[in-house]
>>> print(open('run.txt').read())   # compact mmCIF, C-alpha atoms
# COMPACT_ATOMS: atom_id res chain seq x y z
CA MET C 20 92.84 167.45 91.95
CA ARG C 21 95.19 164.89 90.43
CA ALA C 22 97.84 165.64 93.13
CA PHE C 23 95.36 164.81 95.86
CA ALA C 24 93.77 161.85 94.06
CA ARG C 25 96.99 159.85 93.84
CA PRO C 26 97.64 159.60 97.66
CA LEU C 27 93.99 158.78 98.23
CA LEU C 28 94.18 156.02 95.63
CA LEU C 29 97.29 154.54 97.27
CA LEU C 30 95.59 154.66 100.67
CA ALA C 31 92.56 152.85 99.29
CA LEU C 32 94.76 150.16 97.74
CA LEU C 33 96.65 149.62 100.99
CA LEU C 34 93.40 149.30 102.92
CA GLY C 35 92.09 146.86 100.33
CA LEU C 36 95.21 144.71 100.55
CA SER C 37 95.02 144.71 104.32
CA GLY C 38 91.43 143.55 104.21
CA ALA C 39 92.23 140.78 101.73
CA SER C 40 95.02 139.51 103.95
CA ALA C 41 92.66 139.24 106.90
CA GLN C 42 90.34 137.04 104.86
CA ASP C 43 93.09 134.38 104.48
CA PHE C 44 92.00 133.00 107.88
CA PRO C 45 88.63 131.21 107.90
CA SER C 46 85.84 132.60 110.02
CA ALA C 47 84.26 130.72 112.92
CA GLU C 48 81.35 129.78 110.65
CA GLN C 49 83.76 128.39 108.02
CA LEU C 50 85.62 126.36 110.65
CA ALA C 51 82.34 124.95 111.96
CA ALA C 52 81.31 123.99 108.44
CA GLN C 53 84.69 122.31 107.85
CA GLN C 54 84.44 120.29 111.06
CA LYS C 55 80.92 119.15 110.11
CA SER C 56 82.31 117.79 106.84
CA VAL C 57 84.74 115.52 108.73
CA PRO C 58 83.25 112.19 109.97
CA SER C 59 83.08 112.25 113.75
CA ALA C 60 84.84 108.89 113.96
CA LEU C 61 87.85 110.40 112.20
CA LEU C 62 87.91 113.81 113.86
CA THR C 63 90.81 114.20 116.30
CA GLN C 64 92.85 117.19 117.33
CA ALA C 65 95.63 117.72 114.79
CA ALA C 66 99.09 119.01 115.61
CA ALA C 67 98.94 122.72 114.89
CA PRO C 68 101.71 124.45 112.95
CA ASN C 69 103.33 127.57 114.27
CA GLY C 70 101.85 127.14 117.73
CA LEU C 71 98.25 127.86 116.72
CA ALA C 72 96.82 125.42 119.26
CA ALA C 73 98.69 127.13 122.05
CA SER C 74 97.13 130.44 121.08
CA GLY C 75 93.65 128.97 121.36
CA LYS C 76 92.93 128.82 117.62
CA SER C 77 91.69 125.63 116.01
CA ALA C 78 94.36 123.12 114.97
CA LEU C 79 92.28 122.37 111.88
CA LEU C 80 93.10 125.74 110.29
CA PRO C 81 94.01 124.94 106.66
CA ALA C 82 96.94 126.64 105.01
CA ARG C 83 94.77 127.00 101.92
CA PRO C 84 91.18 126.13 100.97
CA PRO C 85 90.69 122.34 100.83
CA THR C 86 90.35 120.69 97.45
CA PRO C 87 87.38 118.44 96.69
CA VAL C 88 87.57 114.67 96.98
CA PRO C 89 88.94 113.29 93.67
CA SER C 90 86.39 112.05 91.19
CA VAL C 91 86.12 111.45 87.48
CA PRO C 92 86.93 114.80 85.81
CA GLU C 93 83.82 116.77 84.90
CA THR C 94 84.55 117.04 81.19
CA SER C 95 82.14 116.51 78.35
CA LYS C 96 84.67 114.97 76.03
CA ALA C 97 88.14 113.47 76.06
CA GLY C 98 91.12 115.52 75.02
CA PRO C 99 94.72 114.98 73.95
CA ILE C 100 97.45 114.23 76.48
CA GLN C 101 100.73 116.10 76.28
CA ILE C 102 103.65 114.22 77.79
CA LEU C 103 107.36 113.87 76.98
CA GLY C 104 107.03 116.28 74.06
CA SER C 105 104.28 114.25 72.36
CA TYR C 106 100.53 114.60 71.94
CA ILE C 107 98.39 111.49 72.28
CA ALA C 108 94.93 112.00 70.82
CA PRO C 109 91.77 110.38 72.24
CA GLY C 110 91.57 106.77 71.08
CA GLU C 111 95.33 106.64 70.46
CA ARG C 112 98.10 104.59 72.04
CA LYS C 113 101.80 105.49 71.92
CA THR C 114 105.00 104.13 73.43
CA LEU C 115 107.34 106.98 74.33
CA ASP C 116 110.88 107.01 75.68
CA TRP C 117 111.80 108.61 78.99
CA ARG C 118 115.56 109.14 78.83
CA GLY C 119 116.01 110.57 82.29
CA ALA C 120 118.78 113.04 82.75
CA ASP C 121 121.45 110.78 81.19
CA VAL C 122 123.31 111.11 84.46
CA PHE C 123 125.20 107.84 84.06
CA GLY C 124 126.76 108.67 80.71
CA THR C 125 126.75 105.80 78.23
CA ILE C 126 124.65 103.64 80.54
CA GLY C 127 121.69 105.95 79.88
CA ASN C 128 118.16 105.51 81.15
CA VAL C 129 115.74 104.79 78.32
CA ALA C 130 112.50 103.62 79.92
CA PRO C 131 109.36 102.96 77.86
CA VAL C 132 106.30 105.03 78.81
CA ILE C 133 103.15 103.47 77.36
CA VAL C 134 100.29 105.96 77.07
CA THR C 135 96.78 104.77 76.23
CA ASN C 136 94.35 107.67 75.85
CA GLY C 137 90.71 106.59 75.81
CA LYS C 138 88.04 108.00 73.53
CA LYS C 139 85.89 108.88 76.54
CA ALA C 140 86.56 111.40 79.29
CA GLY C 141 87.96 110.14 82.57
CA PRO C 142 90.90 110.31 84.99
CA VAL C 143 94.57 109.72 84.19
CA LEU C 144 95.83 106.67 86.08
CA CYS C 145 99.60 106.13 86.28
CA LEU C 146 101.17 102.73 86.94
CA THR C 147 104.88 102.57 87.84
CA GLY C 148 107.06 99.53 88.38
CA GLY C 149 110.74 98.77 88.75
CA ILE C 150 111.76 101.81 90.80
CA HIS C 151 113.79 99.12 92.54
CA GLY C 152 115.46 97.23 89.72
CA ASP C 153 115.16 93.77 91.31
CA GLU C 154 111.39 93.90 91.89
CA LEU C 155 109.91 91.99 88.97
CA ASN C 156 106.29 91.24 89.96
CA GLY C 157 105.16 94.85 89.56
CA ILE C 158 106.84 95.11 86.17
CA GLU C 159 104.74 92.21 84.93
CA VAL C 160 101.51 93.61 86.42
CA VAL C 161 102.03 96.97 84.69
CA ASN C 162 102.76 95.22 81.38
CA ARG C 163 99.72 92.94 81.66
CA ILE C 164 97.36 95.83 82.35
CA SER C 165 98.82 97.91 79.54
CA ARG C 166 98.56 95.09 76.98
CA LYS C 167 94.87 94.56 77.78
CA LEU C 168 93.78 98.17 77.29
CA ASP C 169 91.53 99.11 74.39
CA ALA C 170 91.66 102.86 73.77
CA SER C 171 88.32 102.77 71.94
CA LYS C 172 86.56 101.52 75.09
CA LEU C 173 88.62 103.30 77.75
CA ALA C 174 87.40 106.34 79.68
CA GLY C 175 90.35 108.47 80.67
CA ALA C 176 93.95 107.43 80.16
CA VAL C 177 96.56 105.05 81.54
CA ILE C 178 100.23 106.01 81.67
CA ALA C 179 102.21 102.82 82.25
CA VAL C 180 105.92 102.81 83.11
CA PRO C 181 106.91 99.17 83.71
CA ILE C 182 110.58 99.90 84.56
CA VAL C 183 111.57 103.26 86.01
CA ASN C 184 115.05 102.26 87.25
CA PHE C 185 116.48 100.78 84.06
CA GLN C 186 120.05 100.89 85.35
CA GLY C 187 119.17 98.81 88.40
CA PHE C 188 117.01 96.44 86.36
CA GLY C 189 119.82 95.77 83.90
CA ARG C 190 122.14 94.86 86.78
CA GLY C 191 119.54 92.91 88.77
CA SER C 192 120.01 95.43 91.58
CA ARG C 193 117.62 97.28 93.85
CA TYR C 194 119.77 100.40 93.61
CA LEU C 195 121.13 102.83 91.05
CA PRO C 196 124.77 102.48 89.95
CA ASP C 197 125.79 105.01 92.62
CA ARG C 198 124.26 102.71 95.29
CA ARG C 199 121.43 105.09 96.05
CA ASP C 200 117.81 104.07 96.50
CA LEU C 201 115.79 106.00 93.89
CA ASN C 202 112.66 105.73 96.06
CA ARG C 203 114.22 108.00 98.67
CA PHE C 204 114.81 111.00 96.39
CA PHE C 205 111.45 112.12 95.00
CA PRO C 206 110.50 114.74 93.89
CA GLY C 207 114.22 115.32 93.35
CA THR C 208 116.26 118.37 92.46
CA ARG C 209 117.79 119.76 89.27
CA SER C 210 121.36 119.87 90.54
CA GLY C 211 121.64 117.29 93.32
CA SER C 212 123.01 113.75 93.17
CA ALA C 213 122.41 111.49 90.17
CA ALA C 214 119.48 109.86 91.99
CA SER C 215 117.98 113.24 92.81
CA ARG C 216 118.28 114.43 89.20
CA LEU C 217 116.67 111.26 87.85
CA ALA C 218 113.84 111.57 90.38
CA TYR C 219 113.32 115.22 89.42
CA ASP C 220 113.19 114.49 85.72
CA PHE C 221 110.77 111.57 86.06
CA PHE C 222 108.55 113.39 88.52
CA ASN C 223 108.19 116.49 86.37
CA SER C 224 108.12 114.71 82.99
CA VAL C 225 105.67 111.92 83.86
CA VAL C 226 104.20 111.92 87.37
CA LEU C 227 102.70 115.43 87.26
CA ALA C 228 100.51 114.26 84.35
CA CYS C 229 98.70 111.81 86.67
CA ASP C 230 95.38 112.11 88.52
CA TYR C 231 96.06 108.90 90.49
CA LEU C 232 99.22 106.85 90.93
CA ILE C 233 99.91 103.20 91.84
CA ASP C 234 103.57 102.43 92.50
CA PHE C 235 104.43 98.70 92.56
CA HIS C 236 107.02 97.21 94.92
CA THR C 237 107.94 93.91 96.57
CA GLY C 238 109.56 92.92 99.81
CA SER C 239 113.27 93.66 100.05
CA PHE C 240 116.33 91.62 100.97
CA GLU C 241 114.88 88.08 100.78
CA ARG C 242 111.49 89.07 102.18
CA SER C 243 108.06 88.57 100.69
CA ASN C 244 104.92 90.69 101.13
CA LEU C 245 101.30 89.67 100.96
CA PRO C 246 99.64 91.69 98.15
CA GLN C 247 98.67 94.89 99.95
CA VAL C 248 98.00 98.57 99.45
CA ARG C 249 99.94 101.08 101.55
CA GLY C 250 99.01 104.71 101.99
CA ASP C 251 98.60 107.50 104.50
CA LEU C 252 94.97 106.93 105.50
CA ARG C 253 94.84 110.22 107.40
CA ILE C 254 94.60 111.96 104.02
CA ARG C 255 91.01 111.68 102.89
CA GLU C 256 91.69 111.39 99.15
CA VAL C 257 94.21 108.59 99.74
CA LEU C 258 91.76 106.82 102.06
CA GLU C 259 89.03 106.99 99.42
CA PHE C 260 91.41 105.75 96.73
CA THR C 261 92.36 102.65 98.77
CA LYS C 262 88.71 101.56 98.87
CA ASN C 263 88.80 100.83 95.13
CA PHE C 264 91.13 97.80 95.31
CA GLY C 265 88.57 95.08 95.98
CA ALA C 266 89.54 92.80 98.86
CA THR C 267 93.24 93.74 98.69
CA PRO C 268 94.33 94.47 102.29
CA VAL C 269 95.19 98.06 103.18
CA LEU C 270 97.95 99.07 105.60
CA HIS C 271 98.03 102.56 107.06
CA SER C 272 101.59 103.73 106.42
CA PRO C 273 102.62 107.40 106.54
CA GLY C 274 105.76 106.48 104.60
CA ALA C 275 109.06 108.34 104.44
CA ARG C 276 110.02 111.55 102.71
CA GLY C 277 111.57 110.80 99.34
CA MET C 278 109.16 107.99 98.41
CA LEU C 279 107.36 108.50 95.11
CA ARG C 280 103.93 108.12 96.66
CA ILE C 281 104.70 110.73 99.32
CA ALA C 282 105.97 113.27 96.78
CA ALA C 283 102.98 112.63 94.50
CA THR C 284 100.53 113.06 97.36
CA GLU C 285 102.21 116.32 98.37
CA ALA C 286 101.73 117.47 94.78
CA GLY C 287 97.98 116.82 95.01
CA ILE C 288 97.92 113.36 93.38
CA PRO C 289 96.36 110.53 95.45
CA ALA C 290 99.06 107.85 95.42
CA ILE C 291 99.62 104.46 97.03
CA THR C 292 102.26 101.75 97.10
CA PHE C 293 101.18 98.28 96.01
CA GLU C 294 103.37 95.66 97.68
CA ILE C 295 103.34 92.30 95.97
CA GLY C 296 105.53 89.28 96.72
CA ALA C 297 109.32 88.96 96.81
CA PRO C 298 112.16 90.41 94.72
CA ILE C 299 114.25 88.68 92.02
CA ARG C 300 111.44 86.35 90.96
CA LEU C 301 108.17 86.25 89.03
CA GLU C 302 105.32 84.90 91.17
CA ILE C 303 102.27 84.17 89.03
CA LYS C 304 99.73 83.98 91.85
CA GLU C 305 100.79 87.36 93.22
CA ILE C 306 100.93 88.90 89.73
CA GLU C 307 97.36 87.75 89.04
CA ALA C 308 96.19 89.24 92.35
CA GLY C 309 97.79 92.57 91.48
CA THR C 310 96.29 92.57 87.99
CA LEU C 311 92.83 91.85 89.36
CA ALA C 312 93.16 94.68 91.88
CA VAL C 313 94.13 97.24 89.23
CA GLU C 314 91.28 96.14 86.97
CA THR C 315 88.94 96.67 89.91
CA VAL C 316 90.36 100.15 90.50
CA MET C 317 89.80 101.09 86.86
CA HIS C 318 86.17 99.97 87.01
CA LYS C 319 85.55 101.85 90.28
CA LEU C 320 87.02 105.03 88.75
CA GLY C 321 84.67 104.69 85.80
CA MET C 322 87.42 103.93 83.31
CA THR C 323 86.20 100.49 82.19
CA GLU C 324 82.90 98.64 82.10
CA LYS C 325 84.34 95.30 83.15
CA LEU C 326 83.40 94.46 86.75
CA ARG C 327 85.61 92.09 88.75
CA VAL C 328 83.83 90.40 91.65
CA TRP C 329 85.56 89.86 95.01
CA THR C 330 84.16 87.33 97.46
CA GLU C 331 86.02 88.69 100.51
CA ARG C 332 85.81 91.99 102.34
CA GLN C 333 88.76 94.37 102.38
CA ALA C 334 90.88 94.18 105.53
CA VAL C 335 92.34 97.40 106.94
CA PHE C 336 95.40 97.34 109.19
CA TYR C 337 95.91 100.43 111.31
CA ASP C 338 99.28 99.24 112.55
CA ALA C 339 101.86 96.54 111.98
CA THR C 340 104.82 95.23 113.91
CA TRP C 341 107.89 93.18 113.05
CA VAL C 342 108.89 90.09 114.97
CA ARG C 343 112.69 89.90 114.97
CA ALA C 344 115.09 87.00 115.31
CA PRO C 345 116.16 86.62 118.95
CA VAL C 346 119.37 84.82 117.91
CA GLY C 347 121.30 84.09 114.74
CA GLY C 348 121.00 80.85 112.81
CA MET C 349 118.98 79.05 110.15
CA LEU C 350 115.43 80.39 109.88
CA ILE C 351 112.77 77.71 109.29
CA GLY C 352 109.32 79.31 108.93
CA GLN C 353 106.03 77.79 110.00
CA ALA C 354 103.41 80.55 109.53
CA THR C 355 102.71 81.55 105.92
CA LEU C 356 101.72 84.79 104.19
CA GLY C 357 98.10 85.66 104.85
CA SER C 358 97.69 83.37 107.84
CA ARG C 359 96.09 84.69 111.01
CA VAL C 360 98.07 84.18 114.20
CA THR C 361 97.47 84.67 117.89
CA GLN C 362 99.85 86.04 120.47
CA GLY C 363 102.25 83.32 121.58
CA GLN C 364 101.71 81.16 118.46
CA LEU C 365 104.77 79.50 116.91
CA LEU C 366 105.86 81.38 113.80
CA ALA C 367 109.24 79.79 113.08
CA THR C 368 112.26 78.14 114.60
CA ILE C 369 115.87 79.24 114.40
CA ARG C 370 118.37 76.39 114.35
CA ASP C 371 122.04 76.59 115.21
CA PRO C 372 123.77 75.07 112.15
CA ILE C 373 126.56 73.61 114.32
CA SER C 374 124.91 72.33 117.50
CA GLY C 375 121.44 71.77 116.05
CA GLU C 376 119.89 73.60 119.00
CA GLU C 377 116.54 75.18 118.13
CA LEU C 378 114.83 78.30 119.49
CA PRO C 379 111.14 79.04 118.81
CA VAL C 380 109.98 82.40 117.45
CA LEU C 381 106.52 83.35 118.78
CA ALA C 382 103.93 85.89 117.64
CA SER C 383 104.05 89.04 119.76
CA VAL C 384 100.46 90.12 118.94
CA ASN C 385 97.23 88.84 117.43
CA GLY C 386 97.30 89.64 113.74
CA LYS C 387 97.77 88.58 110.15
CA VAL C 388 101.05 87.76 108.42
CA ILE C 389 101.45 90.49 105.80
CA GLY C 390 105.19 90.05 105.27
CA LEU C 391 107.92 87.58 106.13
CA ALA C 392 111.56 86.71 105.59
CA LEU C 393 112.20 83.72 103.35
CA ASN C 394 114.02 80.77 104.92
CA GLN C 395 117.69 81.77 105.17
CA MET C 396 120.55 82.41 107.54
CA VAL C 397 119.66 85.32 109.83
CA LEU C 398 121.46 87.49 112.34
CA PRO C 399 120.10 88.50 115.76
CA GLY C 400 117.53 91.28 115.33
CA TYR C 401 116.72 90.43 111.70
CA ALA C 402 113.10 91.30 110.86
CA ILE C 403 111.42 88.00 110.01
CA TYR C 404 107.61 88.32 110.41
CA HIS C 405 105.48 91.40 109.70
CA LEU C 406 102.16 91.17 111.57
CA GLY C 407 99.28 93.48 110.69
CA LYS C 408 96.73 94.49 113.30
CA GLU C 409 93.32 94.59 111.69
CA ALA C 410 90.96 97.44 112.55
CA THR C 411 87.90 99.37 111.47
CA GLU C 412 88.30 102.33 109.15
CA SER C 413 88.00 104.80 112.04
CA GLU C 414 90.72 103.01 113.97
CA ALA C 415 92.91 102.98 110.88
CA VAL C 416 93.01 106.76 110.95
CA SER C 417 93.11 107.11 114.71
CA SER C 418 96.07 109.46 114.50
CA ALA C 419 95.55 113.14 113.63
CA LEU C 420 93.47 113.80 110.54
CA LYS C 421 95.51 115.64 107.94
CA PRO C 422 94.12 118.37 105.68
CA ARG C 423 92.95 117.43 102.25
CA LEU C 424 95.46 117.27 99.45
CA LEU C 425 97.13 120.44 98.30
CA PRO C 426 96.13 121.86 94.92
CA ARG C 427 97.76 120.09 92.00
CA GLY C 428 101.29 121.25 91.23
CA ARG C 429 104.95 120.60 91.77
CA ALA C 430 105.88 119.21 95.16
CA ASP C 431 108.56 120.94 97.20
CA ALA C 432 111.99 119.71 96.15
CA GLN C 433 114.27 118.21 98.73
CA GLU C 434 117.06 120.52 99.71
CA GLU C 435 119.18 118.02 101.58
CA GLU C 436 120.94 115.09 99.99
CA GLN C 437 120.66 111.69 101.60
CA GLU C 438 123.72 109.86 102.78
CA GLU C 439 125.23 107.71 100.08
CA ASP C 440 125.01 104.42 101.95
CA GLN C 441 121.74 105.01 103.77
CA ASP C 442 119.31 102.07 103.60
CA GLU C 443 115.66 102.21 104.56
CA ASP C 444 114.43 100.88 107.86
CA GLN C 445 113.54 97.22 107.54
CA ASP C 446 110.05 98.07 108.76
CA ARG C 447 109.55 100.13 105.58
CA ASN C 448 110.67 98.17 102.56
CA GLU C 449 108.97 100.27 99.87
>>> encode(input="run.txt", output="structure tokens")
Amino acid sequence: MRAFARPLLLLALLLGLSGASAQDFPSAEQLAAQQKSVPSALLTQAAAPNGLAASGKSALLPARPPTPVPSVPETSKAGPIQILGSYIAPGERKTLDWRGADVFGTIGNVAPVIVTNGKKAGPVLCLTGGIHGDELNGIEVVNRISRKLDASKLAGAVIAVPIVNFQGFGRGSRYLPDRRDLNRFFPGTRSGSAASRLAYDFFNSVVLACDYLIDFHTGSFERSNLPQVRGDLRIREVLEFTKNFGATPVLHSPGARGMLRIAATEAGIPAITFEIGAPIRLEIKEIEAGTLAVETVMHKLGMTEKLRVWTERQAVFYDATWVRAPVGGMLIGQATLGSRVTQGQLLATIRDPISGEELPVLASVNGKVIGLALNQMVLPGYAIYHLGKEATESEAVSSALKPRLLPRGRADAQEEEQEEDQDEDQDRNE
């Protein structure tokens, strides 16, 4: 009997595995239920992987079951946080050192990581600044928020990293010493370039401890940005997260692979970029706006009791376009950050420093100035005015709706190194 039982058992196992594999694809009823859960204003046909649409199957087939919309963790009590080899108990605050991978030898990378673990249960909010070493406004916002926190009254925890790129900060440079942009290498690799190794170490040592992430940046290369939140609004959890920032404008921006917020989102962590002002300076008005926005987020997430009141509604921009210099010369701006402009309106003039001849620069669309170049010498084609096109929430996600976030875990590492001298497109200065 045993000789016959063994083949029968193997056959039963094979049949069981075959049946389980078939259940990986949702039934028609499951697909109908999924589509009902998507607001009709946001539901559009998504690009199907592996040619599913061509075969007649729904393009909304998920690769795995969708995760629920993020909310305050359903825990009855707060617990300790384990990060960078330390335990932070509820009601405790510690400043830890992230030393990176020591890829630059004696230069090192010792960045403070300030962890405030509240006595009450709640989400873990991460605040990061200084990924570009010359962007100072975000550093000050992260420090201000961290200094104000009272662990005895906080629900959840805040992990604050004011300066991620310490090497760039020490040199007053946007880049790492090897001239790479750290915000193009996340989640990084163990054995890639120095930038990739630093990104990998920070991502796995700090970022994966987060439930939400706000990454602070400014405009780049003598440009200034209106305080604004950027995220991929096609991802429902990111869209919901952006609604917590009071009246801070939101710009739909899919972003580029290698950005911290993209890698975090791919790892199941709702993440946004907070643009605020210009580099190489501390701008008090912009810093106060950023601080107010983060305090509002913390209240909306149930982390604090303090309610900050906003008198304006939140503007959402589904698209934005750059107006570029038609000729080279001295840029003299007229329109200011936050001003609304109409198509054909004068934005600036460009003056020939020798002849004195002037050429007007006009708005190409109706919109709001969300970024601009500071007055300076410019070359033809230089991006000088960033105009946002305001829209309703449904218009802001008019492109294909993406699946919900993947389950929490490590994002896929980049296999290809970026070119050493590659700069980001001027239209994306995160």
>>> atom_distance(input="run.txt", atom1="atom CA of C:Glu154", atom2="atom CA of C:Ile403")
19.1 Å
>>> closest_residue(input="run.txt", among="C:Phe221, C:Gly211, C:Ala286, C:Arg203", to="C:Val180", atoms="all atoms listed in the file")
C:Phe221
>>> residues_near_point(input="run.txt", point="(109.2, 93.2, 88.6)", cutoff="12 Å", atoms="all atoms listed in the file", output="ChimeraX atom specification")
/C:147-163,180-185,187-189,191-193,234-238,294-303,305-306,309
>>> atom_distance(input="run.txt", atom1="atom CA of C:Asn136", atom2="atom CA of C:Pro99")
7.6 Å
>>> closest_residue(input="run.txt", among="C:Asn244, C:Thr114, C:Thr208, C:Thr355", to="C:Ala367", atoms="only C-alpha atoms")
C:Thr355
>>> atom_distance(input="run.txt", atom1="atom CA of C:Lys167", atom2="atom CA of C:Lys262")
23.1 Å
>>> decode(input="run.txt", residues="stretch 143-159 of chain C", atoms="N, CA and C atoms", output="PDB file, in the first residue's frame")
ATOM      1  N   VAL C 143       4.744  56.327  11.415  1.00  0.00           N
ATOM      2  CA  VAL C 143       6.122  56.811  11.434  1.00  0.00           C
ATOM      3  C   VAL C 143       6.297  57.740  10.243  1.00  0.00           C
ATOM      4  N   LEU C 144       6.516  59.014  10.517  1.00  0.00           N
ATOM      5  CA  LEU C 144       6.697  60.028   9.477  1.00  0.00           C
ATOM      6  C   LEU C 144       8.179  60.355   9.367  1.00  0.00           C
ATOM      7  N   CYS C 145       8.736  60.250   8.177  1.00  0.00           N
ATOM      8  CA  CYS C 145      10.140  60.592   7.961  1.00  0.00           C
ATOM      9  C   CYS C 145      10.253  61.914   7.221  1.00  0.00           C
ATOM     10  N   LEU C 146      11.180  62.750   7.676  1.00  0.00           N
ATOM     11  CA  LEU C 146      11.464  64.042   7.063  1.00  0.00           C
ATOM     12  C   LEU C 146      12.930  64.048   6.659  1.00  0.00           C
ATOM     13  N   THR C 147      13.211  64.288   5.366  1.00  0.00           N
ATOM     14  CA  THR C 147      14.595  64.300   4.895  1.00  0.00           C
ATOM     15  C   THR C 147      14.898  65.622   4.198  1.00  0.00           C
ATOM     16  N   GLY C 148      16.062  66.158   4.482  1.00  0.00           N
ATOM     17  CA  GLY C 148      16.520  67.385   3.845  1.00  0.00           C
ATOM     18  C   GLY C 148      17.960  67.225   3.397  1.00  0.00           C
ATOM     19  N   GLY C 149      18.429  68.149   2.584  1.00  0.00           N
ATOM     20  CA  GLY C 149      19.836  68.187   2.227  1.00  0.00           C
ATOM     21  C   GLY C 149      20.322  67.022   1.399  1.00  0.00           C
ATOM     22  N   ILE C 150      19.449  66.350   0.646  1.00  0.00           N
ATOM     23  CA  ILE C 150      19.945  65.345  -0.302  1.00  0.00           C
ATOM     24  C   ILE C 150      20.795  66.049  -1.355  1.00  0.00           C
ATOM     25  N   HIS C 151      20.410  67.278  -1.681  1.00  0.00           N
ATOM     26  CA  HIS C 151      21.285  68.181  -2.434  1.00  0.00           C
ATOM     27  C   HIS C 151      21.912  69.126  -1.418  1.00  0.00           C
ATOM     28  N   GLY C 152      23.228  69.142  -1.351  1.00  0.00           N
ATOM     29  CA  GLY C 152      23.920  69.823  -0.269  1.00  0.00           C
ATOM     30  C   GLY C 152      23.776  71.330  -0.228  1.00  0.00           C
ATOM     31  N   ASP C 153      23.294  71.948  -1.312  1.00  0.00           N
ATOM     32  CA  ASP C 153      23.163  73.410  -1.341  1.00  0.00           C
ATOM     33  C   ASP C 153      21.735  73.866  -1.079  1.00  0.00           C
ATOM     34  N   GLU C 154      20.838  72.951  -0.708  1.00  0.00           N
ATOM     35  CA  GLU C 154      19.436  73.313  -0.513  1.00  0.00           C
ATOM     36  C   GLU C 154      19.163  73.455   0.985  1.00  0.00           C
ATOM     37  N   LEU C 155      19.165  74.687   1.465  1.00  0.00           N
ATOM     38  CA  LEU C 155      19.177  74.955   2.897  1.00  0.00           C
ATOM     39  C   LEU C 155      17.794  75.077   3.525  1.00  0.00           C
ATOM     40  N   ASN C 156      16.792  75.529   2.774  1.00  0.00           N
ATOM     41  CA  ASN C 156      15.472  75.771   3.366  1.00  0.00           C
ATOM     42  C   ASN C 156      14.895  74.516   4.005  1.00  0.00           C
ATOM     43  N   GLY C 157      14.993  73.385   3.309  1.00  0.00           N
ATOM     44  CA  GLY C 157      14.453  72.142   3.842  1.00  0.00           C
ATOM     45  C   GLY C 157      15.172  71.687   5.093  1.00  0.00           C
ATOM     46  N   ILE C 158      16.477  71.937   5.159  1.00  0.00           N
ATOM     47  CA  ILE C 158      17.246  71.585   6.355  1.00  0.00           C
ATOM     48  C   ILE C 158      16.675  72.295   7.580  1.00  0.00           C
ATOM     49  N   GLU C 159      16.362  73.572   7.407  1.00  0.00           N
ATOM     50  CA  GLU C 159      15.827  74.354   8.519  1.00  0.00           C
ATOM     51  C   GLU C 159      14.415  73.913   8.884  1.00  0.00           C
TER      52      GLU C 159
END
